[in-house]
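A.B. asks: This is the structure I have questions about; it appears just below.
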Amino acid sequence: MDLDAVRTFVAVVAAGRFQDAAVELSITQQAVSKRIATLEKAVGTRLFTRTARGARLTAEGEAFLPHAHELLTAEARALASVRTGPLRVDVIGRRLCPATLLRGFHEAHPEIAVEVVTLFDTAVAALRNGSIDASFRAVVELPADLDAQWVFDEPIELLCGPRHPLAGSASVTPAELGGHRLWLPGVVPGTEWGAYYAALAAAFGLSIDTTGPNFGTEVVLDEVAKSAEVATLVPTGARLLWPAEYDLRRVRIERPVPVYPHSLVWRRADRHPAVSLLRDHLRPGRGVADAWRPGWAARGVPSAG
């Protein structure tokens with residue numbers, strides 16, 4: 001079985017659209033379609049139903065997904081048993097701030113080969129079996145064989161369309177978001193970012209809607225742009241692009257500032273020499289003044305000042 005095709009299948013499931021998966025994998029959309037067609041031919045059935053709004057798993061695709069994860073984990077273990085190659089680092093998404101930090105490390109140390117991967121909800125398992133060397137995560141709970149270093153707090157802000165009641169605000173408080181529908185279909189239950197947004201909603205009485213299929217960032221931006229009721233939350237460092245006519249508004253959230261606490265996580269027994277260099281490069285800075293973060297994320301975070 002073509003494991004590149006399996007990897008592409010998992011990326012499409014996570015992204016919700018062939019186009020977004022192509023961006024995550026740094027290949028063309030045509031290449032994504034070709035790989036999925038190859039995989040569907042190999043398994044003898046359709047895995048996706050393609051619609052104008054994205055790609056939806058068929059019943060056969062749902063059944064195949066856990067086995068796809070197992071295939072990729074087995075591949076990673078096999079490679080880890082014999083390779084001493086590039087530093088393999090997991091990020092949640094290539095458009096998010098940790099990927100920018102990792103690019104900064106590569107620019108500071110061009111002599112070190114870096115391989116960027118996006119493992120989503122399987123990163124901890126990959127760290128433990130040695131398939132990857134490090135991962136950027138918000139630390140909820142770690143097994144004893146892993147360690148973590150807080151890196152930085154990234155403020156979360158409101159993103160809304162021009163017709164939204166808060167569109168004209170320079171800033172809002174978390175309490176003022178109560179009663180407004182915040183749509184985040186990319187939040188996956190059981191992940192640390194799922195735990196983060198659940199804690200944020202509970203702390204300030206917010207209505208965060210994570211339901212509905214995740215057809216990708218572009219679909220969320222499209223819905224937010226035309227709606228007078230729906231908004232979303234985004235980290236300030238997210239690299240988002242949208243048509244000028246959308247006229248989307250980024251609104252600061254203050255008093256307090258909800259921040260996403262990024263940490264670098266690694267395996268204590270990892271012997272890749274570049275892990276310590278990456279840790280030194282990512283020396284923690286100052287915390288954000290008047291920040292809110294879940295109680296489980298407070299350890300290792302310095303005071304603002």
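Within each chain, counting starts at residue 1; across the structure tokens, chains are named A, B, ... in the order shown, with ligands numbered 1 upward in that order.
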Give the strand (DSSP E or B) residues of range 117-264 of chain A, as assigned by DSSP on the backbone, as a PyMOL selection string.
C.D. replies: chain A and resi 117+134-137+146-160+171-172+181-183+207-209+230-235+249-253+257-264
A.B. asks: Please dump the current selection as a compact mmCIF listing (two decimals), in the first residue's frame; keep N, CA and C atoms.
C.D. replies:
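Result file result.txt:
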# COMPACT_ATOMS: atom_id res chain seq x y z
N VAL A 117 6.43 17.94 10.59
CA VAL A 117 5.31 17.02 10.42
C VAL A 117 4.10 17.57 11.15
N ALA A 134 10.37 16.11 18.77
CA ALA A 134 9.76 17.16 19.59
C ALA A 134 8.42 17.54 19.00
N SER A 135 7.61 18.22 19.81
CA SER A 135 6.28 18.66 19.37
C SER A 135 5.92 19.93 20.10
N PHE A 136 5.23 20.82 19.41
CA PHE A 136 4.68 22.01 20.06
C PHE A 136 3.27 21.69 20.53
N ARG A 137 3.01 21.82 21.82
CA ARG A 137 1.72 21.46 22.41
C ARG A 137 1.39 22.41 23.56
N LEU A 146 8.13 11.81 29.13
CA LEU A 146 8.19 13.03 28.34
C LEU A 146 8.45 14.23 29.25
N ASP A 147 9.04 15.26 28.67
CA ASP A 147 9.28 16.50 29.41
C ASP A 147 8.84 17.66 28.54
N ALA A 148 8.66 18.83 29.16
CA ALA A 148 8.15 19.98 28.42
C ALA A 148 8.80 21.26 28.93
N GLN A 149 8.84 22.25 28.05
CA GLN A 149 9.36 23.58 28.36
C GLN A 149 8.39 24.61 27.81
N TRP A 150 7.85 25.45 28.68
CA TRP A 150 6.97 26.49 28.20
C TRP A 150 7.74 27.41 27.27
N VAL A 151 7.11 27.81 26.15
CA VAL A 151 7.79 28.64 25.16
C VAL A 151 7.23 30.05 25.15
N PHE A 152 5.92 30.17 24.94
CA PHE A 152 5.33 31.51 24.92
C PHE A 152 3.81 31.42 25.01
N ASP A 153 3.19 32.53 25.37
CA ASP A 153 1.74 32.67 25.39
C ASP A 153 1.30 33.43 24.15
N GLU A 154 0.35 32.87 23.41
CA GLU A 154 -0.15 33.52 22.20
C GLU A 154 -1.58 34.01 22.46
N PRO A 155 -1.80 35.32 22.42
CA PRO A 155 -3.17 35.83 22.65
C PRO A 155 -4.16 35.30 21.61
N ILE A 156 -5.38 35.09 22.07
CA ILE A 156 -6.48 34.69 21.20
C ILE A 156 -7.32 35.93 20.92
N GLU A 157 -7.79 36.09 19.68
CA GLU A 157 -8.61 37.25 19.34
C GLU A 157 -9.87 36.83 18.62
N LEU A 158 -10.82 37.75 18.57
CA LEU A 158 -12.08 37.52 17.89
C LEU A 158 -11.93 37.86 16.42
N LEU A 159 -12.50 37.02 15.55
CA LEU A 159 -12.55 37.31 14.12
C LEU A 159 -14.01 37.32 13.70
N CYS A 160 -14.48 38.44 13.16
CA CYS A 160 -15.89 38.55 12.81
C CYS A 160 -16.06 39.32 11.50
N SER A 171 -11.65 46.53 21.04
CA SER A 171 -11.37 45.40 21.91
C SER A 171 -12.64 45.03 22.65
N VAL A 172 -12.68 43.80 23.15
CA VAL A 172 -13.80 43.32 23.94
C VAL A 172 -13.24 42.53 25.12
N ARG A 181 -22.44 33.56 19.22
CA ARG A 181 -22.05 32.23 18.75
C ARG A 181 -20.63 32.26 18.18
N LEU A 182 -19.74 31.48 18.77
CA LEU A 182 -18.36 31.37 18.32
C LEU A 182 -18.20 29.99 17.69
N TRP A 183 -17.92 29.97 16.40
CA TRP A 183 -17.89 28.72 15.64
C TRP A 183 -16.46 28.27 15.41
N SER A 207 -20.38 30.56 24.41
CA SER A 207 -21.04 29.56 23.58
C SER A 207 -20.12 29.23 22.40
N ILE A 208 -19.26 28.22 22.58
CA ILE A 208 -18.32 27.81 21.54
C ILE A 208 -18.89 26.57 20.85
N ASP A 209 -19.23 26.73 19.60
CA ASP A 209 -19.85 25.67 18.81
C ASP A 209 -18.77 24.94 18.01
N VAL A 230 -22.46 34.92 13.54
CA VAL A 230 -21.39 33.96 13.78
C VAL A 230 -20.03 34.64 13.73
N ALA A 231 -19.19 34.34 14.71
CA ALA A 231 -17.80 34.79 14.74
C ALA A 231 -16.94 33.59 15.10
N THR A 232 -15.64 33.77 15.11
CA THR A 232 -14.75 32.68 15.49
C THR A 232 -13.61 33.24 16.32
N LEU A 233 -12.81 32.37 16.87
CA LEU A 233 -11.63 32.75 17.64
C LEU A 233 -10.39 32.26 16.92
N VAL A 234 -9.37 33.10 16.85
CA VAL A 234 -8.13 32.72 16.17
C VAL A 234 -6.94 33.18 16.99
N PRO A 235 -5.83 32.44 16.96
CA PRO A 235 -4.60 32.93 17.60
C PRO A 235 -4.02 34.07 16.78
N ARG A 249 -12.83 41.44 10.53
CA ARG A 249 -12.26 42.30 11.58
C ARG A 249 -11.61 41.42 12.66
N ARG A 250 -10.37 41.72 12.97
CA ARG A 250 -9.69 41.11 14.12
C ARG A 250 -9.89 42.03 15.31
N VAL A 251 -10.47 41.51 16.37
CA VAL A 251 -10.79 42.32 17.56
C VAL A 251 -10.03 41.75 18.75
N ARG A 252 -9.26 42.59 19.43
CA ARG A 252 -8.51 42.15 20.60
C ARG A 252 -9.46 41.75 21.73
N ILE A 253 -9.06 40.75 22.48
CA ILE A 253 -9.80 40.35 23.68
C ILE A 253 -8.91 40.70 24.88
N VAL A 257 -6.66 38.78 29.03
CA VAL A 257 -6.30 38.35 27.68
C VAL A 257 -6.22 36.83 27.67
N PRO A 258 -7.13 36.14 26.97
CA PRO A 258 -6.99 34.68 26.87
C PRO A 258 -5.79 34.34 25.99
N VAL A 259 -4.89 33.52 26.51
CA VAL A 259 -3.68 33.17 25.76
C VAL A 259 -3.59 31.66 25.62
N TYR A 260 -3.04 31.24 24.49
CA TYR A 260 -2.81 29.81 24.28
C TYR A 260 -1.37 29.52 24.66
N PRO A 261 -1.14 28.65 25.66
CA PRO A 261 0.20 28.43 26.20
C PRO A 261 0.97 27.36 25.42
N HIS A 262 1.87 27.78 24.55
CA HIS A 262 2.65 26.84 23.75
C HIS A 262 3.85 26.34 24.54
N SER A 263 4.06 25.04 24.49
CA SER A 263 5.24 24.42 25.09
C SER A 263 5.91 23.53 24.06
N LEU A 264 7.21 23.33 24.23
CA LEU A 264 7.93 22.33 23.45
C LEU A 264 7.99 21.06 24.28
A.B. asks: Excluding Thr210 in chain A and its own-chain neighbours fewer than 5 positions away, which residues fall within 12 Å of it when counting only C-alpha atoms? Please give them as a PDB file with N, CA and C atoms, in the first residue's frame.
C.D. replies:
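Below you can see around36.pdb, which holds the result:
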ATOM      1  N   ARG A 181     -22.438  33.559  19.220  1.00  0.00           N
ATOM      2  CA  ARG A 181     -22.045  32.225  18.753  1.00  0.00           C
ATOM      3  C   ARG A 181     -20.633  32.261  18.184  1.00  0.00           C
ATOM      4  N   LEU A 182     -19.742  31.483  18.772  1.00  0.00           N
ATOM      5  CA  LEU A 182     -18.359  31.367  18.322  1.00  0.00           C
ATOM      6  C   LEU A 182     -18.199  29.995  17.692  1.00  0.00           C
ATOM      7  N   TRP A 183     -17.919  29.972  16.397  1.00  0.00           N
ATOM      8  CA  TRP A 183     -17.893  28.716  15.639  1.00  0.00           C
ATOM      9  C   TRP A 183     -16.457  28.273  15.407  1.00  0.00           C
ATOM     10  N   LEU A 184     -16.088  27.107  15.966  1.00  0.00           N
ATOM     11  CA  LEU A 184     -14.751  26.545  15.826  1.00  0.00           C
ATOM     12  C   LEU A 184     -14.859  25.068  15.449  1.00  0.00           C
ATOM     13  N   PRO A 185     -15.225  24.762  14.199  1.00  0.00           N
ATOM     14  CA  PRO A 185     -15.404  23.355  13.828  1.00  0.00           C
ATOM     15  C   PRO A 185     -14.120  22.548  13.793  1.00  0.00           C
ATOM     16  N   GLY A 186     -12.955  23.211  13.809  1.00  0.00           N
ATOM     17  CA  GLY A 186     -11.684  22.481  13.786  1.00  0.00           C
ATOM     18  C   GLY A 186     -11.237  21.977  15.143  1.00  0.00           C
ATOM     19  N   VAL A 187     -11.992  22.284  16.201  1.00  0.00           N
ATOM     20  CA  VAL A 187     -11.613  21.826  17.542  1.00  0.00           C
ATOM     21  C   VAL A 187     -11.979  20.352  17.682  1.00  0.00           C
ATOM     22  N   VAL A 188     -10.975  19.518  17.945  1.00  0.00           N
ATOM     23  CA  VAL A 188     -11.172  18.073  18.011  1.00  0.00           C
ATOM     24  C   VAL A 188     -11.292  17.637  19.471  1.00  0.00           C
ATOM     25  N   PRO A 189     -12.389  17.000  19.866  1.00  0.00           N
ATOM     26  CA  PRO A 189     -12.531  16.521  21.247  1.00  0.00           C
ATOM     27  C   PRO A 189     -11.397  15.572  21.616  1.00  0.00           C
ATOM     28  N   TRP A 193      -6.030  21.272  22.482  1.00  0.00           N
ATOM     29  CA  TRP A 193      -6.721  22.512  22.100  1.00  0.00           C
ATOM     30  C   TRP A 193      -8.223  22.391  22.348  1.00  0.00           C
ATOM     31  N   GLY A 194      -8.750  21.165  22.295  1.00  0.00           N
ATOM     32  CA  GLY A 194     -10.136  20.961  22.692  1.00  0.00           C
ATOM     33  C   GLY A 194     -10.330  21.250  24.165  1.00  0.00           C
ATOM     34  N   TYR A 197     -10.215  25.193  24.767  1.00  0.00           N
ATOM     35  CA  TYR A 197     -11.418  25.958  24.452  1.00  0.00           C
ATOM     36  C   TYR A 197     -12.597  25.558  25.341  1.00  0.00           C
ATOM     37  N   ALA A 198     -12.609  24.319  25.811  1.00  0.00           N
ATOM     38  CA  ALA A 198     -13.641  23.924  26.773  1.00  0.00           C
ATOM     39  C   ALA A 198     -13.460  24.682  28.082  1.00  0.00           C
ATOM     40  N   ALA A 201     -14.514  28.357  27.558  1.00  0.00           N
ATOM     41  CA  ALA A 201     -15.962  28.498  27.546  1.00  0.00           C
ATOM     42  C   ALA A 201     -16.534  28.416  28.954  1.00  0.00           C
ATOM     43  N   VAL A 220     -14.882  28.409   7.054  1.00  0.00           N
ATOM     44  CA  VAL A 220     -15.175  29.172   8.275  1.00  0.00           C
ATOM     45  C   VAL A 220     -15.117  30.666   7.986  1.00  0.00           C
ATOM     46  N   THR A 232     -15.644  33.766  15.106  1.00  0.00           N
ATOM     47  CA  THR A 232     -14.751  32.680  15.490  1.00  0.00           C
ATOM     48  C   THR A 232     -13.610  33.240  16.316  1.00  0.00           C
ATOM     49  N   LEU A 233     -12.809  32.367  16.870  1.00  0.00           N
ATOM     50  CA  LEU A 233     -11.629  32.754  17.641  1.00  0.00           C
ATOM     51  C   LEU A 233     -10.394  32.257  16.920  1.00  0.00           C
TER      52      LEU A 233
END
A.B. asks: Could you check how far CA of Leu65 in chain A sits from CA of Leu3 in chain A, in Å to one decimal?
C.D. replies: 13.2 Å
A.B. asks: Would you mind telling me which residue in A:Leu119, A:Ala55, A:Met1, A:Leu39 lies nearest to Glu24 in chain A when using only C-alpha atoms?
C.D. replies: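 Closest residue, counting only C-alpha atoms: A:Leu119.
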A.B. asks: Using only C-alpha atoms, which of the listed residues (A:Val10, A:Ala199, A:Asp133, A:Gln19) sits closest to His67 in chain A?
C.D. replies: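 Counting only C-alpha atoms, the residue closest to His67 in chain A is A:Val10.
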A.B. asks: Could you check which of A:Leu248, A:Val140, A:Ala238, A:Ala14 is closest to Asp121 in chain A, using only C-alpha atoms?
C.D. replies: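 Smallest distance to Asp121 in chain A is found for A:Ala14.
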A.B. asks: So, counting only C-alpha atoms, which residue among A:Thr217, A:Glu229, A:Ala138, A:Ala31 is closest to Gly179 in chain A?
C.D. replies: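 So, comparing all the options, the nearest one is A:Glu229.
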A.B. asks: Show me, as a list in words, the residues that have an atom within 9 Å of Arg94 in chain A when counting only C-alpha atoms, minus same-chain residues fewer than 5 positions from it.
C.D. replies: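 The contact residues come out as Val23, Glu24, Leu25, Ala99, Thr100, Val116, Val117, Thr118 and Arg239 of chain A.
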A.B. asks: Report as a PyMOL selection string all protein, DNA and RNA residues lying within 9 Å of Pro174 in chain A, evaluated on only C-alpha atoms, omitting residues in the same chain fewer than 4 positions from it.
C.D. replies: chain A and resi 178+200+204-206+253-258
